[in-house]
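Source file: model.txt. Holds: compact mmCIF, N, CA, C and O atoms.
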```
# COMPACT_ATOMS: atom_id res chain seq x y z
N MET A 1 0.86 -1.18 0.00
CA MET A 1 0.00 0.00 0.00
C MET A 1 0.90 1.23 0.00
O MET A 1 2.02 1.21 0.49
N PHE A 2 0.38 2.31 -0.54
CA PHE A 2 1.11 3.57 -0.67
C PHE A 2 0.21 4.70 -0.16
O PHE A 2 -0.99 4.71 -0.44
N VAL A 3 0.77 5.62 0.60
CA VAL A 3 -0.01 6.70 1.20
C VAL A 3 0.58 8.05 0.82
O VAL A 3 1.80 8.24 0.82
N ARG A 4 -0.32 8.99 0.51
CA ARG A 4 0.05 10.37 0.23
C ARG A 4 -0.57 11.27 1.29
O ARG A 4 -1.77 11.17 1.55
N LEU A 5 0.22 12.11 1.89
CA LEU A 5 -0.27 13.06 2.89
C LEU A 5 -0.03 14.47 2.37
O LEU A 5 1.09 14.81 1.99
N THR A 6 -1.06 15.28 2.36
CA THR A 6 -0.92 16.69 2.00
C THR A 6 -1.19 17.51 3.25
O THR A 6 -2.29 17.45 3.81
N PHE A 7 -0.17 18.25 3.69
CA PHE A 7 -0.27 19.10 4.88
C PHE A 7 -0.57 20.51 4.43
O PHE A 7 0.08 21.04 3.51
N CYS A 8 -1.57 21.16 5.07
CA CYS A 8 -1.91 22.53 4.69
C CYS A 8 -2.51 23.28 5.87
O CYS A 8 -2.97 22.68 6.83
N LYS A 9 -2.46 24.60 5.77
CA LYS A 9 -3.09 25.48 6.75
C LYS A 9 -4.05 26.39 6.00
O LYS A 9 -3.76 26.85 4.90
N PHE A 10 -5.19 26.65 6.65
CA PHE A 10 -6.21 27.51 6.04
C PHE A 10 -6.38 28.80 6.84
O PHE A 10 -6.15 28.83 8.05
N LEU A 11 -6.81 29.83 6.14
CA LEU A 11 -7.20 31.06 6.82
C LEU A 11 -8.31 30.71 7.80
O LEU A 11 -9.26 29.99 7.43
N PRO A 12 -8.23 31.17 9.04
CA PRO A 12 -9.24 30.79 10.05
C PRO A 12 -10.68 31.05 9.61
O PRO A 12 -11.57 30.23 9.85
N GLU A 13 -10.90 32.16 8.93
CA GLU A 13 -12.26 32.51 8.51
C GLU A 13 -12.73 31.71 7.30
O GLU A 13 -13.89 31.80 6.89
N LYS A 14 -11.85 30.90 6.71
CA LYS A 14 -12.18 30.12 5.52
C LYS A 14 -12.20 28.61 5.76
O LYS A 14 -12.40 27.84 4.84
N ILE A 15 -12.01 28.18 7.00
CA ILE A 15 -11.95 26.75 7.30
C ILE A 15 -13.24 26.04 6.92
O ILE A 15 -13.21 24.98 6.30
N ASN A 16 -14.38 26.60 7.26
CA ASN A 16 -15.65 25.95 6.94
C ASN A 16 -15.84 25.79 5.43
O ASN A 16 -16.31 24.76 4.97
N GLU A 17 -15.47 26.82 4.68
CA GLU A 17 -15.61 26.74 3.23
C GLU A 17 -14.63 25.73 2.64
O GLU A 17 -14.98 24.95 1.75
N ALA A 18 -13.41 25.71 3.15
CA ALA A 18 -12.41 24.74 2.69
C ALA A 18 -12.87 23.32 2.99
O ALA A 18 -12.77 22.43 2.14
N ARG A 19 -13.42 23.09 4.17
CA ARG A 19 -13.93 21.78 4.56
C ARG A 19 -15.06 21.35 3.61
O ARG A 19 -15.11 20.22 3.16
N ARG A 20 -15.97 22.27 3.33
CA ARG A 20 -17.08 21.97 2.43
C ARG A 20 -16.59 21.57 1.04
O ARG A 20 -17.03 20.57 0.47
N ILE A 21 -15.66 22.34 0.49
CA ILE A 21 -15.11 22.03 -0.84
C ILE A 21 -14.42 20.67 -0.83
O ILE A 21 -14.59 19.86 -1.75
N PHE A 22 -13.66 20.40 0.23
CA PHE A 22 -12.98 19.12 0.32
C PHE A 22 -13.99 17.97 0.30
O PHE A 22 -13.87 17.03 -0.49
N LEU A 23 -15.00 18.06 1.15
CA LEU A 23 -15.96 16.96 1.29
C LEU A 23 -16.91 16.83 0.10
O LEU A 23 -17.25 15.72 -0.31
N GLU A 24 -17.34 17.95 -0.47
CA GLU A 24 -18.35 17.91 -1.52
C GLU A 24 -17.78 17.85 -2.94
O GLU A 24 -18.46 17.35 -3.85
N GLU A 25 -16.57 18.36 -3.14
CA GLU A 25 -16.01 18.41 -4.48
C GLU A 25 -14.78 17.53 -4.65
O GLU A 25 -14.64 16.84 -5.67
N ILE A 26 -13.88 17.57 -3.69
CA ILE A 26 -12.62 16.85 -3.83
C ILE A 26 -12.79 15.35 -3.57
O ILE A 26 -12.38 14.52 -4.38
N VAL A 27 -13.42 14.99 -2.46
CA VAL A 27 -13.57 13.57 -2.12
C VAL A 27 -14.27 12.79 -3.23
O VAL A 27 -13.78 11.72 -3.63
N PRO A 28 -15.39 13.26 -3.78
CA PRO A 28 -16.04 12.48 -4.84
C PRO A 28 -15.13 12.25 -6.06
O PRO A 28 -15.17 11.18 -6.67
N THR A 29 -14.32 13.23 -6.40
CA THR A 29 -13.40 13.08 -7.53
C THR A 29 -12.29 12.08 -7.21
O THR A 29 -11.97 11.21 -8.02
N VAL A 30 -11.72 12.18 -6.03
CA VAL A 30 -10.64 11.28 -5.64
C VAL A 30 -11.14 9.84 -5.57
O VAL A 30 -10.45 8.91 -5.98
N ARG A 31 -12.35 9.66 -5.07
CA ARG A 31 -12.90 8.29 -4.94
C ARG A 31 -13.04 7.59 -6.29
O ARG A 31 -13.10 6.36 -6.34
N LYS A 32 -13.07 8.31 -7.38
CA LYS A 32 -13.20 7.72 -8.71
C LYS A 32 -11.86 7.28 -9.30
O LYS A 32 -11.83 6.69 -10.37
N GLN A 33 -10.75 7.58 -8.62
CA GLN A 33 -9.44 7.30 -9.19
C GLN A 33 -9.04 5.84 -9.04
O GLN A 33 -9.30 5.20 -8.02
N LYS A 34 -8.40 5.32 -10.07
CA LYS A 34 -7.95 3.93 -10.10
C LYS A 34 -7.00 3.66 -8.92
O LYS A 34 -6.07 4.41 -8.68
N GLY A 35 -7.27 2.59 -8.20
CA GLY A 35 -6.38 2.15 -7.15
C GLY A 35 -6.58 2.81 -5.80
O GLY A 35 -5.88 2.47 -4.84
N LEU A 36 -7.52 3.73 -5.69
CA LEU A 36 -7.74 4.38 -4.39
C LEU A 36 -8.35 3.39 -3.41
O LEU A 36 -9.28 2.67 -3.74
N ILE A 37 -7.83 3.40 -2.19
CA ILE A 37 -8.38 2.58 -1.11
C ILE A 37 -9.23 3.45 -0.19
O ILE A 37 -10.35 3.10 0.15
N ASP A 38 -8.70 4.63 0.19
CA ASP A 38 -9.41 5.48 1.13
C ASP A 38 -8.91 6.92 1.00
O ASP A 38 -7.78 7.17 0.58
N VAL A 39 -9.77 7.85 1.40
CA VAL A 39 -9.40 9.27 1.48
C VAL A 39 -9.95 9.80 2.79
O VAL A 39 -11.08 9.47 3.17
N ARG A 40 -9.14 10.58 3.49
CA ARG A 40 -9.54 11.14 4.79
C ARG A 40 -9.07 12.59 4.89
O ARG A 40 -8.13 12.99 4.24
N PHE A 41 -9.74 13.30 5.78
CA PHE A 41 -9.41 14.71 6.03
C PHE A 41 -9.24 14.87 7.54
O PHE A 41 -10.22 14.72 8.29
N LEU A 42 -8.03 15.12 7.99
CA LEU A 42 -7.75 15.27 9.41
C LEU A 42 -7.74 16.75 9.78
O LEU A 42 -7.01 17.54 9.17
N GLU A 43 -8.55 17.09 10.75
CA GLU A 43 -8.62 18.47 11.23
C GLU A 43 -7.89 18.54 12.56
O GLU A 43 -8.18 17.77 13.47
N PRO A 44 -6.93 19.45 12.69
CA PRO A 44 -6.14 19.50 13.92
C PRO A 44 -6.95 19.94 15.13
O PRO A 44 -7.88 20.74 15.01
N THR A 45 -6.58 19.42 16.29
CA THR A 45 -7.23 19.85 17.53
C THR A 45 -6.62 21.17 18.01
O THR A 45 -7.23 21.88 18.80
N SER A 46 -5.44 21.49 17.51
CA SER A 46 -4.78 22.75 17.81
C SER A 46 -4.75 23.61 16.55
O SER A 46 -4.34 23.14 15.49
N LYS A 47 -5.17 24.85 16.66
CA LYS A 47 -5.19 25.75 15.51
C LYS A 47 -3.80 26.01 14.93
O LYS A 47 -3.66 26.48 13.82
N MET A 48 -2.76 25.69 15.68
CA MET A 48 -1.39 25.91 15.23
C MET A 48 -0.90 24.80 14.29
O MET A 48 0.08 24.98 13.59
N GLU A 49 -1.59 23.68 14.27
CA GLU A 49 -1.17 22.52 13.47
C GLU A 49 -1.81 22.52 12.09
O GLU A 49 -2.78 23.24 11.84
N ASP A 50 -1.28 21.67 11.22
CA ASP A 50 -1.78 21.55 9.86
C ASP A 50 -3.01 20.66 9.77
O ASP A 50 -3.17 19.72 10.56
N PHE A 51 -3.84 20.94 8.79
CA PHE A 51 -4.84 20.00 8.33
C PHE A 51 -4.08 18.98 7.47
O PHE A 51 -3.08 19.33 6.85
N ILE A 52 -4.58 17.75 7.42
CA ILE A 52 -3.90 16.73 6.62
C ILE A 52 -4.93 15.98 5.78
O ILE A 52 -5.91 15.46 6.31
N SER A 53 -4.68 15.94 4.50
CA SER A 53 -5.46 15.09 3.60
C SER A 53 -4.66 13.81 3.40
O SER A 53 -3.48 13.86 3.05
N ILE A 54 -5.32 12.67 3.60
CA ILE A 54 -4.66 11.37 3.45
C ILE A 54 -5.35 10.59 2.34
O ILE A 54 -6.58 10.46 2.34
N THR A 55 -4.57 10.10 1.40
CA THR A 55 -5.11 9.18 0.41
C THR A 55 -4.27 7.90 0.48
O THR A 55 -3.05 7.95 0.55
N GLU A 56 -4.97 6.76 0.47
CA GLU A 56 -4.32 5.46 0.49
C GLU A 56 -4.55 4.79 -0.86
O GLU A 56 -5.69 4.78 -1.36
N TRP A 57 -3.49 4.21 -1.41
CA TRP A 57 -3.52 3.63 -2.75
C TRP A 57 -3.05 2.19 -2.74
O TRP A 57 -2.21 1.81 -1.92
N LYS A 58 -3.57 1.39 -3.66
CA LYS A 58 -3.13 0.00 -3.78
C LYS A 58 -1.65 -0.08 -4.13
O LYS A 58 -0.92 -0.91 -3.60
N THR A 59 -1.22 0.80 -5.06
CA THR A 59 0.19 0.78 -5.49
C THR A 59 0.72 2.20 -5.62
O THR A 59 -0.04 3.16 -5.76
N LYS A 60 2.02 2.30 -5.62
CA LYS A 60 2.69 3.58 -5.84
C LYS A 60 2.34 4.10 -7.24
O LYS A 60 2.14 5.30 -7.43
N GLU A 61 2.24 3.19 -8.20
CA GLU A 61 1.93 3.57 -9.58
C GLU A 61 0.54 4.22 -9.67
O GLU A 61 0.36 5.20 -10.41
N ASP A 62 -0.42 3.70 -8.92
CA ASP A 62 -1.76 4.30 -8.91
C ASP A 62 -1.71 5.73 -8.36
O ASP A 62 -2.32 6.65 -8.91
N ALA A 63 -0.96 5.91 -7.28
CA ALA A 63 -0.83 7.24 -6.67
C ALA A 63 -0.13 8.20 -7.62
O ALA A 63 -0.51 9.37 -7.74
N GLU A 64 0.91 7.72 -8.28
CA GLU A 64 1.64 8.58 -9.22
C GLU A 64 0.79 8.95 -10.43
O GLU A 64 0.87 10.08 -10.92
N LEU A 65 -0.04 8.03 -10.88
CA LEU A 65 -0.94 8.34 -12.00
C LEU A 65 -1.90 9.46 -11.60
O LEU A 65 -2.14 10.38 -12.38
N TYR A 66 -2.43 9.39 -10.39
CA TYR A 66 -3.32 10.43 -9.86
C TYR A 66 -2.64 11.80 -9.89
O TYR A 66 -3.24 12.80 -10.26
N GLU A 67 -1.38 11.83 -9.52
CA GLU A 67 -0.65 13.10 -9.52
C GLU A 67 -0.27 13.52 -10.94
O GLU A 67 -0.45 14.67 -11.33
N ASN A 68 0.24 12.59 -11.72
CA ASN A 68 0.77 12.93 -13.05
C ASN A 68 -0.31 13.26 -14.07
O ASN A 68 -0.03 13.95 -15.04
N ASN A 69 -1.55 12.80 -13.86
CA ASN A 69 -2.60 13.11 -14.83
C ASN A 69 -3.23 14.49 -14.59
O ASN A 69 -4.14 14.89 -15.29
N GLY A 70 -2.73 15.22 -13.57
CA GLY A 70 -3.16 16.58 -13.33
C GLY A 70 -4.35 16.74 -12.40
O GLY A 70 -4.71 17.86 -12.03
N ILE A 71 -4.96 15.63 -12.00
CA ILE A 71 -6.14 15.73 -11.14
C ILE A 71 -5.77 16.28 -9.77
O ILE A 71 -6.46 17.16 -9.24
N TYR A 72 -4.68 15.80 -9.18
CA TYR A 72 -4.26 16.29 -7.86
C TYR A 72 -4.07 17.81 -7.91
O TYR A 72 -4.58 18.54 -7.07
N ARG A 73 -3.35 18.30 -8.90
CA ARG A 73 -3.08 19.74 -9.03
C ARG A 73 -4.39 20.51 -9.17
O ARG A 73 -4.58 21.57 -8.57
N LYS A 74 -5.30 20.00 -9.99
CA LYS A 74 -6.60 20.66 -10.20
C LYS A 74 -7.37 20.76 -8.89
O LYS A 74 -7.98 21.79 -8.58
N LEU A 75 -7.34 19.71 -8.09
CA LEU A 75 -8.07 19.70 -6.82
C LEU A 75 -7.43 20.65 -5.81
O LEU A 75 -8.13 21.36 -5.08
N VAL A 76 -6.11 20.66 -5.74
CA VAL A 76 -5.43 21.59 -4.83
C VAL A 76 -5.75 23.03 -5.21
O VAL A 76 -5.95 23.88 -4.33
N THR A 77 -5.86 23.31 -6.49
CA THR A 77 -6.17 24.66 -6.96
C THR A 77 -7.52 25.15 -6.41
O THR A 77 -7.69 26.33 -6.13
N LYS A 78 -8.47 24.24 -6.20
CA LYS A 78 -9.78 24.62 -5.65
C LYS A 78 -9.65 25.23 -4.25
O LYS A 78 -10.46 26.05 -3.85
N LEU A 79 -8.60 24.83 -3.52
CA LEU A 79 -8.42 25.30 -2.14
C LEU A 79 -7.39 26.42 -2.01
O LEU A 79 -7.26 27.01 -0.94
N GLU A 80 -6.68 26.73 -3.08
CA GLU A 80 -5.60 27.73 -3.00
C GLU A 80 -6.01 29.07 -2.39
O GLU A 80 -5.24 29.64 -1.63
N PRO A 81 -7.20 29.60 -2.67
CA PRO A 81 -7.55 30.90 -2.07
C PRO A 81 -7.64 30.87 -0.54
O PRO A 81 -7.65 31.92 0.09
N PHE A 82 -7.70 29.69 0.04
CA PHE A 82 -7.89 29.56 1.48
C PHE A 82 -6.61 29.22 2.25
O PHE A 82 -6.60 29.22 3.47
N PHE A 83 -5.51 28.92 1.54
CA PHE A 83 -4.26 28.52 2.20
C PHE A 83 -3.55 29.71 2.82
O PHE A 83 -3.55 30.82 2.27
N THR A 84 -2.89 29.47 3.96
CA THR A 84 -2.01 30.47 4.54
C THR A 84 -0.55 30.17 4.20
O THR A 84 0.31 31.01 4.42
N LYS A 85 -0.31 28.97 3.66
CA LYS A 85 1.02 28.59 3.19
C LYS A 85 0.84 27.53 2.11
O LYS A 85 -0.22 26.91 2.01
N LYS A 86 1.86 27.35 1.33
CA LYS A 86 1.81 26.35 0.26
C LYS A 86 1.69 24.95 0.87
O LYS A 86 2.40 24.61 1.81
N PRO A 87 0.79 24.11 0.33
CA PRO A 87 0.64 22.75 0.85
C PRO A 87 1.93 21.94 0.63
O PRO A 87 2.66 22.19 -0.33
N GLU A 88 2.15 21.00 1.52
CA GLU A 88 3.32 20.14 1.43
C GLU A 88 2.87 18.69 1.27
O GLU A 88 2.09 18.18 2.07
N LEU A 89 3.34 18.03 0.22
CA LEU A 89 3.00 16.64 -0.06
C LEU A 89 4.12 15.73 0.41
O LEU A 89 5.30 15.98 0.11
N LYS A 90 3.75 14.67 1.14
CA LYS A 90 4.71 13.65 1.57
C LYS A 90 4.12 12.30 1.20
O LYS A 90 2.91 12.10 1.26
N THR A 91 4.98 11.37 0.80
CA THR A 91 4.52 10.05 0.40
C THR A 91 5.22 8.97 1.23
O THR A 91 6.37 9.14 1.65
N TYR A 92 4.48 7.86 1.44
CA TYR A 92 4.99 6.78 2.28
C TYR A 92 4.57 5.42 1.72
O TYR A 92 3.46 5.28 1.21
N THR A 93 5.43 4.45 1.89
CA THR A 93 5.09 3.06 1.65
C THR A 93 4.63 2.49 2.98
O THR A 93 5.26 2.73 4.01
N VAL A 94 3.55 1.73 2.97
CA VAL A 94 2.99 1.19 4.20
C VAL A 94 3.31 -0.29 4.31
O VAL A 94 3.08 -1.05 3.37
N GLU A 95 3.83 -0.68 5.45
CA GLU A 95 4.08 -2.08 5.75
C GLU A 95 3.08 -2.51 6.82
O GLU A 95 2.99 -1.87 7.87
N GLU A 96 2.33 -3.57 6.56
CA GLU A 96 1.40 -4.10 7.55
C GLU A 96 2.21 -4.78 8.65
O GLU A 96 3.10 -5.58 8.36
N VAL A 97 1.91 -4.46 9.90
CA VAL A 97 2.66 -5.04 11.01
C VAL A 97 1.79 -5.92 11.92
O VAL A 97 2.27 -6.51 12.86
N PHE A 98 0.51 -5.98 11.62
CA PHE A 98 -0.38 -6.86 12.38
C PHE A 98 -1.51 -7.33 11.48
O PHE A 98 -1.81 -6.73 10.47
N GLU A 99 -2.09 -8.42 11.88
CA GLU A 99 -3.22 -8.96 11.11
C GLU A 99 -4.51 -8.33 11.56
O GLU A 99 -4.70 -8.10 12.75
N HIS A 100 -5.36 -8.02 10.60
CA HIS A 100 -6.69 -7.50 10.92
C HIS A 100 -7.56 -8.64 11.44
O HIS A 100 -7.50 -9.74 10.93
N VAL A 101 -8.35 -8.35 12.41
CA VAL A 101 -9.22 -9.38 13.00
C VAL A 101 -10.50 -9.49 12.22
O VAL A 101 -11.04 -8.61 11.71
```
Can you present the structure in this file as structure tokens?
Amino acid sequence: MFVRLTFCKFLPEKINEARRIFLEEIVPTVRKQKGLIDVRFLEPTSKMEDFISITEWKTKEDAELYENNGIYRKLVTKLEPFFTKKPELKTYTVEEVFEHV
């Protein structure tokens, strides 16, 4: 499995609008992408921390296709007016360390 994390901060007065766009516009588009396992939106408990968008993919190639076909960039652009800093993308390979019950 492969995971992409996008870290971002929003203008305080725009958090509700950014959340709405993420849930109503971004999530439905991401869910249609080949190889997607899950998409999540983490909201920090401290206003000083980043929001984190997490996407989980079957393979690294699926995640790279999502980025290289321009969809990721198009979706990030929808939120650009609300950012207080440029989003940061980090990628990880996931190793299962326990069996699911």
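Considering the residues A:Arg31, A:Phe82, A:Gly70, A:Asp38 and counting all atoms listed in the file, Glu13 of chain A has its shortest atom-to-atom contact with A:Phe82.
Residues lying at most 12 Å from (-17.0, 16.3, -1.9) in file coordinates, with only C-alpha atoms considered, are A:Glu17, A:Ala18, A:Arg19, A:Arg20, A:Ile21, A:Phe22, A:Leu23, A:Glu24, A:Glu25, A:Ile26, A:Val27, A:Pro28, A:Thr29, A:Val30, A:Arg31, A:Lys32, A:Val39, A:Arg40, A:Phe41, A:Leu75, A:Lys78.
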For this session: Give the strand (DSSP E) residues of segment 8-83 of chain A, as DSSP finds them on the backbone, and put them as a list in words.
Result: Cys8, Leu36, Ile37, Asp38, Val39, Arg40, Phe41, Leu42, Phe51, Ile52, Ser53, Ile54, Thr55, Glu56 and Trp57 of chain A
Seminar exercise, completed: atom C of Phe7 of chain A to atom C of Val97 of chain A measures 27.6 Å
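Distances here use all atoms listed in the file; by that measure, the residue among A:Ile54, A:Cys8, A:Ala63, A:Met1 closest to Lys34 of chain A is A:Ala63.
One distance worth recording is that between atom O of Leu36 of chain A and atom N of Val76 of chain A, which is 18.4 Å.
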Problem set entry | Which residue of A:Asn68, A:Asp50, A:Ile15, A:Thr55 approaches Thr91 of chain A most closely, using all atoms listed in the file | A:Thr55
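Here atom CA of Met48 of chain A stands at a distance of 25.2 Å from atom CA of Tyr72 of chain A.
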Report, as lines of an AutoDock Vina configuration file, the axis-aligned box around all atoms of segment 14-31 of chain A present in the file, extended by 3 Å on each side; give centre and edge lengths in Å to one decimal place.
```
center_x = -14.5
center_y = 18.6
center_z = -0.4
size_x = 14.0
size_y = 30.5
size_z = 21.3
```
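Among A:Tyr66, A:Val3, A:Phe51, A:Lys9, the residue with the shortest atom-to-atom distance to Gln33 of chain A, counting only N, CA, C and O atoms, is A:Tyr66.
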Exercise. Which residues in segment 13-99 of chain A does DSSP call helix (DSSP H, G or I)? List them as a PyMOL selection string.
Worked result: chain A and resi 13-31+60-68+71-82
For this session: Please provide the set of residues having any atom within 7 Å of Gly35 of chain A, restricted to all atoms listed in the file, with same-chain residues fewer than 6 positions apart removed, written as a ChimeraX atom specification.
Result: /A:2,56-59,62-63
Please produce a file of those selected residues containing N, CA, C and O atoms, as a short mmCIF file (atom, residue, chain, number, x, y, z; two decimals), in the coordinates of the input.
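Generated file (part06.cif):
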```
data_model
loop_
_atom_site.label_atom_id
_atom_site.label_comp_id
_atom_site.auth_asym_id
_atom_site.auth_seq_id
_atom_site.Cartn_x
_atom_site.Cartn_y
_atom_site.Cartn_z
N PHE A 2 0.38 2.31 -0.54
CA PHE A 2 1.11 3.57 -0.67
C PHE A 2 0.21 4.70 -0.16
O PHE A 2 -0.99 4.71 -0.44
N GLU A 56 -4.97 6.76 0.47
CA GLU A 56 -4.32 5.46 0.49
C GLU A 56 -4.55 4.79 -0.86
O GLU A 56 -5.69 4.78 -1.36
N TRP A 57 -3.49 4.21 -1.41
CA TRP A 57 -3.52 3.63 -2.75
C TRP A 57 -3.05 2.19 -2.74
O TRP A 57 -2.21 1.81 -1.92
N LYS A 58 -3.57 1.39 -3.66
CA LYS A 58 -3.13 0.00 -3.78
C LYS A 58 -1.65 -0.08 -4.13
O LYS A 58 -0.92 -0.91 -3.60
N THR A 59 -1.22 0.80 -5.06
CA THR A 59 0.19 0.78 -5.49
C THR A 59 0.72 2.20 -5.62
O THR A 59 -0.04 3.16 -5.76
N ASP A 62 -0.42 3.70 -8.92
CA ASP A 62 -1.76 4.30 -8.91
C ASP A 62 -1.71 5.73 -8.36
O ASP A 62 -2.32 6.65 -8.91
N ALA A 63 -0.96 5.91 -7.28
CA ALA A 63 -0.83 7.24 -6.67
C ALA A 63 -0.13 8.20 -7.62
O ALA A 63 -0.51 9.37 -7.74
#
```
For this session: List the neighbours of Arg73 of chain A out to 12 Å using only C-alpha atoms; skip same-chain residues closer than 6 positions along the sequence, and give me the result as JSON, numbers by chain.
Result: {"A": [6, 26, 30, 65, 66, 67, 79, 80, 87, 89]}
Problem set entry | Given only C-alpha atoms as the counted atoms, nearest of A:Leu11, A:Thr45, A:Ser53, A:Asn69 to Glu88 of chain A | A:Ser53
